[in-house]
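Enquirer: Below you will find the structure I want to go over with you.
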Amino acid sequence: MDASTDNTTRRRIALTVNGRTVEAEVEVRHTLADFLRHQLELTGTHLGCEHGVCGACTVLVDGRSTRGCLMLAVQANGCTVTTVEGLAAADGTLHPLQQAFKDHHGLQCGFCTPGMLTTLVELLADNPQPDEHEVRVAISGNLCRCTGYQAIVDATLAAARAMQAPGAAQRPVEAPVLPAARAAR
Amino acid sequence: MKPPAFEYHDPRSVDEAVALMARLDDARVLAGGQSMMPMLNMRFVLPGHLIDLGQIKALNHIDAHADRLSIGAMTRQRDLEYSPLVRAHCPLLTEAIQWVGHRQTRNRGTFGGSLCQLDPAAELPAVCAALDATLTVASVRGERSVAFADFPAGYMTPSIEPDELLTRIELPHWPVGHGYGFVEFARRHGDYAVVLAAALLSVDAAGRITRASVTLGGIGPAPVRVTGVEQALVGQIASGALFRETTEACRSLDAMEDIHAPASYRQQLAVVMARRALDAALARAHPAR
């Protein structure tokens with residue numbers, strides 16, 4: 001790609017997505033969610049409302065939960081992005097939170113699930129033992145029309161216990177940059 | 001529900017940004033994008049140029065000075081929420097930020113973006129009103145200061161020129177031992193408030209109020225300092241009964257009416273929210289030693 005593509009309407013970006021280095025040329029008006037879905041074909045990130053209300057498109061950007069429809073792909077240049085496809089281990093073993101969603105009926109239609117999981121992965125990294133209220137506040141920006149949220153809350157609390165249990169596999173997914181480290185950079 | 005075509009600019013410095021703002025017609029600024037991106041997606045705005053401030057490191061800082069906090073306009077709401085400096089010097093802001101949007105939007109949303117969006121029921125403008133914040137705006141003509149009280153020009157409209165950029169927010173410290181309270185009524189946590197209230201109180205050893213600040217959001221087009229209540233409080237011995245009596249005055253404020261609530265309902269909420277914010281502030285206030 002020659003330098004002329006690096007202008008005000010198309011840009012080359014380089015980022016890490018689910019552990020893989022990705023280089024791509026994007027239209028500057030494309031959202032991160034559309035880039036993930038259409039250019040990288042990672043369709044696990046769902047788009048519901050496309051104006052930041054439903055939370056289905058939530059992905060982790062540098063460990064922070066972010067609405068994929070409220071960020072431009074060009075803004076993810078240099079970032080580390082984790083989508084729902086990046087939560088399970090390479091051998092297909094589910095993340096403890098995914099396993100708990102499965103065990104506790106934390107999903108029915110599955111539309112909200114990618115956003116729920118990425119949001120709650122961040123919560124559990126920030127706060128490994130949240131109480132029920134904290135879980136409910138954390139997903140206040142994620143709409144679910146199947147479960148009534150109860151099963152999602154149950155699953156999250158169960159996952160928190162499982163991840164704290166002695167001998168639990170420690171597989172933090174892109175742990176968020178802690179506040180102290182943020183202040184330093 | 002996709003952004004329209006625009007030309008994208010990502011300046012690295014304030015000078016570069018204000019030069020672009022002066023030069024480009026039909027440009028909009030992109031801060032954290034948590035209001036601008038929905039407006040772009042819904043094509044409520046169709047700018048020719050989008051100037052993304054995300055790469056300007058000089059706009060992302062939290063500094064404590066002897067008399068104030070100085071905060072860069074592009075500081076993420078999440079960084080304010082977690083900042084030990086904010087918690088130590090301006091606990092009202094730490095408390096208010098818990099009400100701002102959701103975890104995902106606070107991770108991107110910025111202090112300056114929220115102020116320039118200036119939603120009448122937004123938390124951060126109310127905090128700035130409560131604290132008598134001073135804002136710094138920059139343009140190719142240089143910098144100028146704007147008292148927050150003069151910042152709202154009207155409904156969702158800051159009194160800055162199209163080529164001016166908000167760069168810094170200064171929040172004066174309240175004395176050690178001051179009490180603070182921030183409460184709001186919203187239909188769902190993270191939604192804009194129907195009505196919110198922020199209160200700050202200083203009391204002396206006898207329990208007498210030496211200084212008071214009471215602010216309401218969601219009532220008028222911009223946050224309102226209820227100076228009548230503040231004046232009625234100063235010099236009195238603080239108590240729940242005093243707050244119940246003085247906050248009745250909030251019922252006569254001019255209140256807006258919209259799909260969410262009629263004016264009379266907002267006036268009722270104004271009384272209740274102001275009282276609860278003052279109760280919370282009193283519970284946390286202790287005389288300076």
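Letters A, B, ... mark the chains of the structure tokens in the order given; residue numbers begin at 1 per chain; ligand numbers begin at 1, in order shown.
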Give me the residues near range 75-79 of chain B as a ChimeraX atom specification, where near means some atom within 7 Å (using only C-alpha atoms) and where sequence neighbours in that chain fewer than 5 positions away do not count.
Expert: /A:179 /B:59-61,106-111
Enquirer: If we count only C-alpha atoms, what is near range 34-40 of chain A at a cut-off of 12 Å, once residues fewer than 6 positions away on the same chain are taken out, given as a PyMOL selection string?
Expert: (chain A and resi 13+15-18+20-28+46-48+50+57-59+67-77+81-85) or (chain B and resi 1-3+41)
Enquirer: Restrict the selected residues to C-alpha atoms and save them as a short mmCIF file (atom, residue, chain, number, x, y, z; two decimals), in the first residue's frame.
Expert:
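Saved result, selection.cif, follows:
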```cif
data_model
loop_
_atom_site.label_atom_id
_atom_site.label_comp_id
_atom_site.auth_asym_id
_atom_site.auth_seq_id
_atom_site.Cartn_x
_atom_site.Cartn_y
_atom_site.Cartn_z
CA ILE A 13 -3.91 0.76 10.85
CA LEU A 15 -3.44 -3.44 15.90
CA THR A 16 -3.57 -6.68 17.86
CA VAL A 17 -6.87 -8.55 17.75
CA ASN A 18 -7.29 -11.61 19.94
CA ARG A 20 -3.01 -11.73 16.37
CA THR A 21 -1.30 -8.79 14.72
CA VAL A 22 -3.55 -7.25 12.10
CA GLU A 23 -2.70 -4.66 9.50
CA ALA A 24 -5.46 -3.26 7.38
CA GLU A 25 -6.59 -0.28 5.39
CA VAL A 26 -9.82 1.20 6.68
CA GLU A 27 -12.26 3.87 5.69
CA VAL A 28 -11.98 6.46 8.43
CA HIS A 46 -23.00 -8.07 17.62
CA LEU A 47 -24.54 -4.78 16.57
CA GLY A 48 -27.92 -4.00 18.05
CA GLU A 50 -25.58 1.25 16.75
CA CYS A 57 -21.01 -4.54 20.47
CA THR A 58 -18.83 -4.20 23.57
CA VAL A 59 -15.23 -5.32 23.08
CA ARG A 67 -18.66 0.12 22.74
CA GLY A 68 -17.51 -0.97 19.30
CA CYS A 69 -20.13 1.21 17.61
CA LEU A 70 -18.92 4.37 19.40
CA MET A 71 -15.30 4.16 18.33
CA LEU A 72 -13.83 4.48 14.87
CA ALA A 73 -11.64 1.67 13.59
CA VAL A 74 -8.92 4.21 12.86
CA GLN A 75 -8.85 5.06 16.57
CA ALA A 76 -7.89 1.47 17.40
CA ASN A 77 -4.55 1.90 15.64
CA VAL A 81 -8.52 -5.54 21.02
CA THR A 82 -10.20 -8.61 22.49
CA THR A 83 -13.53 -9.78 21.13
CA VAL A 84 -15.72 -12.61 22.34
CA GLU A 85 -13.80 -14.90 19.95
CA MET B 1 -26.88 3.84 11.27
CA LYS B 2 -23.35 4.29 9.93
CA PRO B 3 -21.32 7.48 10.14
CA ASN B 41 -24.26 7.11 13.35
#
```
Enquirer: Residues of chain A no more than 6 Å from chain B, counting only C-alpha atoms: send them over as a ChimeraX atom specification.
Expert: /A:8-9,29,51,65-66,70,141
Enquirer: What does the distance from CA of Ala232 in chain B to CA of Arg208 in chain B come to in Å, to one decimal?
Expert: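 Going from CA of Ala232 in chain B over to CA of Arg208 in chain B covers 12.2 Å.
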Enquirer: Provide the CA of Glu95 in chain B to CA of Asp62 in chain A distance in Å, to one decimal place.
Expert: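 For CA of Glu95 in chain B relative to CA of Asp62 in chain A, the distance reads 25.2 Å.
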Enquirer: Calculate how many Å separate CA of Val14 in chain B from CA of Ile56 in chain B, rounding to one decimal.
Expert: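 Going from CA of Val14 in chain B over to CA of Ile56 in chain B covers 6.8 Å.
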Enquirer: Enumerate the residues of chain A with a DSSP assignment of helix (DSSP H, G or I), computed from the backbone, and present them as a PyMOL selection string.
Expert: chain A and resi 3-5+32-39+68-70+73-76+84-86+96-103+113-126+132-138+150-164+179-184
Enquirer: The selected residues should be written to file as a PDB file, in the first residue's frame (atoms: C-alpha atoms).
Expert:
```
ATOM      1  CA  ALA A   3       1.675   6.397   1.119  1.00  0.00           C
ATOM      2  CA  SER A   4      -1.112   8.083  -0.818  1.00  0.00           C
ATOM      3  CA  THR A   5      -3.648   5.853   0.924  1.00  0.00           C
ATOM      4  CA  LEU A  32     -14.497  -0.508  15.155  1.00  0.00           C
ATOM      5  CA  ALA A  33     -17.457  -2.897  15.320  1.00  0.00           C
ATOM      6  CA  ASP A  34     -17.971  -2.829  11.545  1.00  0.00           C
ATOM      7  CA  PHE A  35     -14.241  -3.265  10.976  1.00  0.00           C
ATOM      8  CA  LEU A  36     -14.198  -6.334  13.210  1.00  0.00           C
ATOM      9  CA  ARG A  37     -17.297  -7.828  11.613  1.00  0.00           C
ATOM     10  CA  HIS A  38     -16.816  -7.005   7.953  1.00  0.00           C
ATOM     11  CA  GLN A  39     -13.084  -6.751   7.432  1.00  0.00           C
ATOM     12  CA  GLY A  68     -17.507  -0.971  19.299  1.00  0.00           C
ATOM     13  CA  CYS A  69     -20.125   1.207  17.610  1.00  0.00           C
ATOM     14  CA  LEU A  70     -18.924   4.371  19.397  1.00  0.00           C
ATOM     15  CA  ALA A  73     -11.641   1.667  13.590  1.00  0.00           C
ATOM     16  CA  VAL A  74      -8.917   4.207  12.859  1.00  0.00           C
ATOM     17  CA  GLN A  75      -8.846   5.059  16.571  1.00  0.00           C
ATOM     18  CA  ALA A  76      -7.888   1.467  17.401  1.00  0.00           C
ATOM     19  CA  VAL A  84     -15.721 -12.612  22.337  1.00  0.00           C
ATOM     20  CA  GLU A  85     -13.799 -14.896  19.954  1.00  0.00           C
ATOM     21  CA  GLY A  86     -10.676 -14.189  22.002  1.00  0.00           C
ATOM     22  CA  PRO A  96     -14.594 -19.579  33.244  1.00  0.00           C
ATOM     23  CA  LEU A  97     -17.162 -16.838  32.660  1.00  0.00           C
ATOM     24  CA  GLN A  98     -18.343 -18.469  29.426  1.00  0.00           C
ATOM     25  CA  GLN A  99     -18.553 -21.821  31.188  1.00  0.00           C
ATOM     26  CA  ALA A 100     -20.582 -20.256  33.987  1.00  0.00           C
ATOM     27  CA  PHE A 101     -22.958 -18.623  31.473  1.00  0.00           C
ATOM     28  CA  LYS A 102     -23.476 -22.072  29.952  1.00  0.00           C
ATOM     29  CA  ASP A 103     -23.983 -23.758  33.326  1.00  0.00           C
ATOM     30  CA  THR A 113     -23.864 -12.380  25.230  1.00  0.00           C
ATOM     31  CA  PRO A 114     -20.665 -11.071  23.571  1.00  0.00           C
ATOM     32  CA  GLY A 115     -21.175  -7.676  25.172  1.00  0.00           C
ATOM     33  CA  MET A 116     -22.098  -9.156  28.520  1.00  0.00           C
ATOM     34  CA  LEU A 117     -19.017 -11.375  28.533  1.00  0.00           C
ATOM     35  CA  THR A 118     -16.522  -8.691  27.546  1.00  0.00           C
ATOM     36  CA  THR A 119     -17.983  -6.221  30.040  1.00  0.00           C
ATOM     37  CA  LEU A 120     -17.913  -8.772  32.838  1.00  0.00           C
ATOM     38  CA  VAL A 121     -14.407  -9.986  32.005  1.00  0.00           C
ATOM     39  CA  GLU A 122     -13.276  -6.424  32.647  1.00  0.00           C
ATOM     40  CA  LEU A 123     -15.295  -6.233  35.856  1.00  0.00           C
ATOM     41  CA  LEU A 124     -13.768  -9.452  37.194  1.00  0.00           C
ATOM     42  CA  ALA A 125     -10.266  -8.254  36.300  1.00  0.00           C
ATOM     43  CA  ASP A 126     -10.885  -4.957  38.161  1.00  0.00           C
ATOM     44  CA  GLU A 132     -24.545  -8.794  43.273  1.00  0.00           C
ATOM     45  CA  HIS A 133     -25.121  -5.048  43.194  1.00  0.00           C
ATOM     46  CA  GLU A 134     -21.738  -4.408  41.592  1.00  0.00           C
ATOM     47  CA  VAL A 135     -22.481  -6.982  38.904  1.00  0.00           C
ATOM     48  CA  ARG A 136     -25.843  -5.386  38.181  1.00  0.00           C
ATOM     49  CA  VAL A 137     -24.317  -1.918  37.926  1.00  0.00           C
ATOM     50  CA  ALA A 138     -21.563  -3.235  35.636  1.00  0.00           C
ATOM     51  CA  GLN A 150     -30.927 -12.948  37.028  1.00  0.00           C
ATOM     52  CA  ALA A 151     -29.167 -15.875  35.367  1.00  0.00           C
ATOM     53  CA  ILE A 152     -26.414 -13.571  34.084  1.00  0.00           C
ATOM     54  CA  VAL A 153     -25.814 -12.258  37.583  1.00  0.00           C
ATOM     55  CA  ASP A 154     -25.817 -15.806  38.982  1.00  0.00           C
ATOM     56  CA  ALA A 155     -23.345 -16.924  36.326  1.00  0.00           C
ATOM     57  CA  THR A 156     -21.018 -14.008  37.012  1.00  0.00           C
ATOM     58  CA  LEU A 157     -20.957 -14.601  40.747  1.00  0.00           C
ATOM     59  CA  ALA A 158     -20.322 -18.310  40.115  1.00  0.00           C
ATOM     60  CA  ALA A 159     -17.501 -17.473  37.703  1.00  0.00           C
ATOM     61  CA  ALA A 160     -15.944 -15.145  40.260  1.00  0.00           C
ATOM     62  CA  ARG A 161     -15.965 -17.967  42.809  1.00  0.00           C
ATOM     63  CA  ALA A 162     -14.548 -20.440  40.297  1.00  0.00           C
ATOM     64  CA  MET A 163     -11.766 -18.058  39.298  1.00  0.00           C
ATOM     65  CA  GLN A 164     -10.860 -17.503  42.950  1.00  0.00           C
ATOM     66  CA  PRO A 179      -5.067   3.245  37.524  1.00  0.00           C
ATOM     67  CA  ALA A 180      -1.545   3.793  38.849  1.00  0.00           C
ATOM     68  CA  ALA A 181      -0.046   2.622  35.586  1.00  0.00           C
ATOM     69  CA  ARG A 182      -2.506   4.750  33.646  1.00  0.00           C
ATOM     70  CA  ALA A 183      -1.474   7.837  35.523  1.00  0.00           C
ATOM     71  CA  ALA A 184       2.156   7.133  34.704  1.00  0.00           C
TER      72      ALA A 184
END
```
Enquirer: Measuring between only C-alpha atoms, which one of B:Ala133, B:Leu24, B:Ala199, B:Val18 shows the shortest distance to Gly179 in chain B?
Expert: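 Answer, going by the shortest atom-to-atom distance: B:Ala199.
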Enquirer: For Cys54 in chain A, list every protein, DNA or RNA residue within 6 Å, evaluated using only C-alpha atoms, and leave out those in the same chain fewer than 5 positions away; present the list as a ChimeraX atom specification.
Expert: /A:49,142-143
Enquirer: Could you dump the residues just selected with N, CA and C atoms as a tab-separated table (two decimals), in the first residue's frame?
Expert:
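This went into out.tsv:
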```
chain	number	residue	atom	x	y	z
A	49	CYS	N	-28.12	-1.63	18.47
A	49	CYS	CA	-28.73	-0.31	18.26
A	49	CYS	C	-27.85	0.61	17.44
A	142	ASN	N	-25.91	-2.91	29.32
A	142	ASN	CA	-26.08	-4.04	28.40
A	142	ASN	C	-27.52	-4.52	28.49
A	143	LEU	N	-28.22	-4.47	27.37
A	143	LEU	CA	-29.61	-4.91	27.39
A	143	LEU	C	-29.71	-6.39	27.04
```
Enquirer: Between A:His30, A:Leu60, A:Tyr149, A:Arg10, which residue has the minimum interatomic distance to Leu87 in chain A, considering only C-alpha atoms?
Expert: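 Result for the nearest residue to Leu87 in chain A: A:Leu60.
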Enquirer: What's around range 145-158 of chain B at 9 Å? Count only C-alpha atoms, leave out sequence neighbours fewer than 5 positions away in its own chain, and write the answer as a ChimeraX atom specification.
Expert: /B:115-120,125,128-129,131-138,220-223,225
Enquirer: Using C-alpha atoms, can you write the selected residues to a file as a compact mmCIF listing (two decimals), in the first residue's frame?
Expert:
```
# COMPACT_ATOMS: atom_id res chain seq x y z
CA LEU B 115 -18.88 19.81 29.36
CA CYS B 116 -19.08 20.86 25.71
CA GLN B 117 -22.00 18.52 25.04
CA LEU B 118 -23.61 20.33 28.00
CA ASP B 119 -26.64 18.12 28.44
CA PRO B 120 -28.91 19.86 30.98
CA PRO B 125 -21.40 20.21 34.20
CA CYS B 128 -18.32 22.29 37.62
CA ALA B 129 -21.20 24.60 38.56
CA LEU B 131 -17.35 24.04 42.45
CA ASP B 132 -17.17 27.31 40.48
CA ALA B 133 -14.81 25.72 37.99
CA THR B 134 -12.69 27.80 35.66
CA LEU B 135 -12.29 26.61 32.09
CA THR B 136 -9.50 27.40 29.67
CA VAL B 137 -10.27 27.56 25.97
CA ALA B 138 -7.70 27.88 23.22
CA GLY B 220 -33.30 24.32 33.39
CA PRO B 221 -31.25 24.35 30.18
CA ALA B 222 -28.02 24.33 32.23
CA PRO B 223 -27.12 23.42 35.82
CA ARG B 225 -26.89 27.10 41.51
```
Enquirer: Would you please give, as number ranges by chain, all residues of range 23-182 of chain A that DSSP assigns to strand (DSSP E) based on the backbone?
Expert: A: 23-27, 58-61, 64-67, 80-82
Enquirer: Could you save those same residues with N, CA and C atoms as a PDB file, in the first residue's frame?
Expert:
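What follows is the written file again-v2.pdb:
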```
ATOM      1  N   GLU A  23      -2.912  -5.924  10.199  1.00  0.00           N
ATOM      2  CA  GLU A  23      -2.702  -4.659   9.498  1.00  0.00           C
ATOM      3  C   GLU A  23      -3.775  -4.559   8.439  1.00  0.00           C
ATOM      4  N   ALA A  24      -4.366  -3.390   8.335  1.00  0.00           N
ATOM      5  CA  ALA A  24      -5.465  -3.258   7.381  1.00  0.00           C
ATOM      6  C   ALA A  24      -5.596  -1.811   6.951  1.00  0.00           C
ATOM      7  N   GLU A  25      -6.245  -1.625   5.823  1.00  0.00           N
ATOM      8  CA  GLU A  25      -6.594  -0.279   5.395  1.00  0.00           C
ATOM      9  C   GLU A  25      -8.079  -0.103   5.674  1.00  0.00           C
ATOM     10  N   VAL A  26      -8.420   1.002   6.317  1.00  0.00           N
ATOM     11  CA  VAL A  26      -9.825   1.202   6.683  1.00  0.00           C
ATOM     12  C   VAL A  26     -10.321   2.548   6.158  1.00  0.00           C
ATOM     13  N   GLU A  27     -11.611   2.575   5.917  1.00  0.00           N
ATOM     14  CA  GLU A  27     -12.256   3.867   5.688  1.00  0.00           C
ATOM     15  C   GLU A  27     -12.362   4.545   7.047  1.00  0.00           C
ATOM     16  N   THR A  58     -19.952  -4.474  22.671  1.00  0.00           N
ATOM     17  CA  THR A  58     -18.833  -4.196  23.574  1.00  0.00           C
ATOM     18  C   THR A  58     -17.658  -5.143  23.317  1.00  0.00           C
ATOM     19  N   VAL A  59     -16.473  -4.553  23.178  1.00  0.00           N
ATOM     20  CA  VAL A  59     -15.231  -5.320  23.075  1.00  0.00           C
ATOM     21  C   VAL A  59     -14.239  -4.715  24.070  1.00  0.00           C
ATOM     22  N   LEU A  60     -13.135  -5.401  24.296  1.00  0.00           N
ATOM     23  CA  LEU A  60     -12.102  -4.850  25.168  1.00  0.00           C
ATOM     24  C   LEU A  60     -11.047  -4.165  24.301  1.00  0.00           C
ATOM     25  N   VAL A  61     -10.776  -2.902  24.604  1.00  0.00           N
ATOM     26  CA  VAL A  61      -9.717  -2.160  23.920  1.00  0.00           C
ATOM     27  C   VAL A  61      -8.679  -1.817  24.981  1.00  0.00           C
ATOM     28  N   ARG A  64      -9.986  -2.406  28.382  1.00  0.00           N
ATOM     29  CA  ARG A  64     -11.147  -1.650  28.858  1.00  0.00           C
ATOM     30  C   ARG A  64     -12.360  -1.944  27.979  1.00  0.00           C
ATOM     31  N   SER A  65     -13.484  -2.197  28.612  1.00  0.00           N
ATOM     32  CA  SER A  65     -14.696  -2.459  27.840  1.00  0.00           C
ATOM     33  C   SER A  65     -15.096  -1.185  27.088  1.00  0.00           C
ATOM     34  N   THR A  66     -15.407  -1.351  25.840  1.00  0.00           N
ATOM     35  CA  THR A  66     -15.634  -0.213  24.942  1.00  0.00           C
ATOM     36  C   THR A  66     -16.747  -0.571  23.977  1.00  0.00           C
ATOM     37  N   ARG A  67     -17.621   0.376  23.716  1.00  0.00           N
ATOM     38  CA  ARG A  67     -18.664   0.124  22.739  1.00  0.00           C
ATOM     39  C   ARG A  67     -18.054   0.206  21.333  1.00  0.00           C
ATOM     40  N   THR A  80      -4.737  -2.983  21.545  1.00  0.00           N
ATOM     41  CA  THR A  80      -4.958  -4.415  21.683  1.00  0.00           C
ATOM     42  C   THR A  80      -6.448  -4.626  21.894  1.00  0.00           C
ATOM     43  N   VAL A  81      -7.073  -5.348  20.984  1.00  0.00           N
ATOM     44  CA  VAL A  81      -8.517  -5.544  21.023  1.00  0.00           C
ATOM     45  C   VAL A  81      -8.821  -7.010  21.311  1.00  0.00           C
ATOM     46  N   THR A  82      -9.737  -7.247  22.232  1.00  0.00           N
ATOM     47  CA  THR A  82     -10.199  -8.609  22.494  1.00  0.00           C
ATOM     48  C   THR A  82     -11.701  -8.650  22.237  1.00  0.00           C
TER      49      THR A  82
END
```
Enquirer: Skipping near chain neighbours, those fewer than 2 positions away, what residues fall within 8 Å of Asp163 in chain B using only C-alpha atoms, listed as JSON, numbers by chain?
Expert: {"B": [18, 21, 22, 139, 161, 165]}
Enquirer: Closest to Glu123 in chain B among B:Pro91, B:Gly177, B:Gly218, B:Pro162, using only C-alpha atoms?
Expert: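 Ranked by minimum distance to Glu123 in chain B, first place goes to B:Gly218.
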Enquirer: For Phe182 in chain B, list every protein, DNA or RNA residue within 7 Å, evaluated using only C-alpha atoms, and leave out those in the same chain fewer than 5 positions away; present the list as a ChimeraX atom specification.
Expert: /B:92,95-96,197-199,277
Enquirer: Contacts of Ala281 in chain B at 8 Å or less, counting only C-alpha atoms, minus same-chain residues fewer than 2 places along, as a ChimeraX atom specification?
Expert: /B:178-181,199-201,277-279,283-285
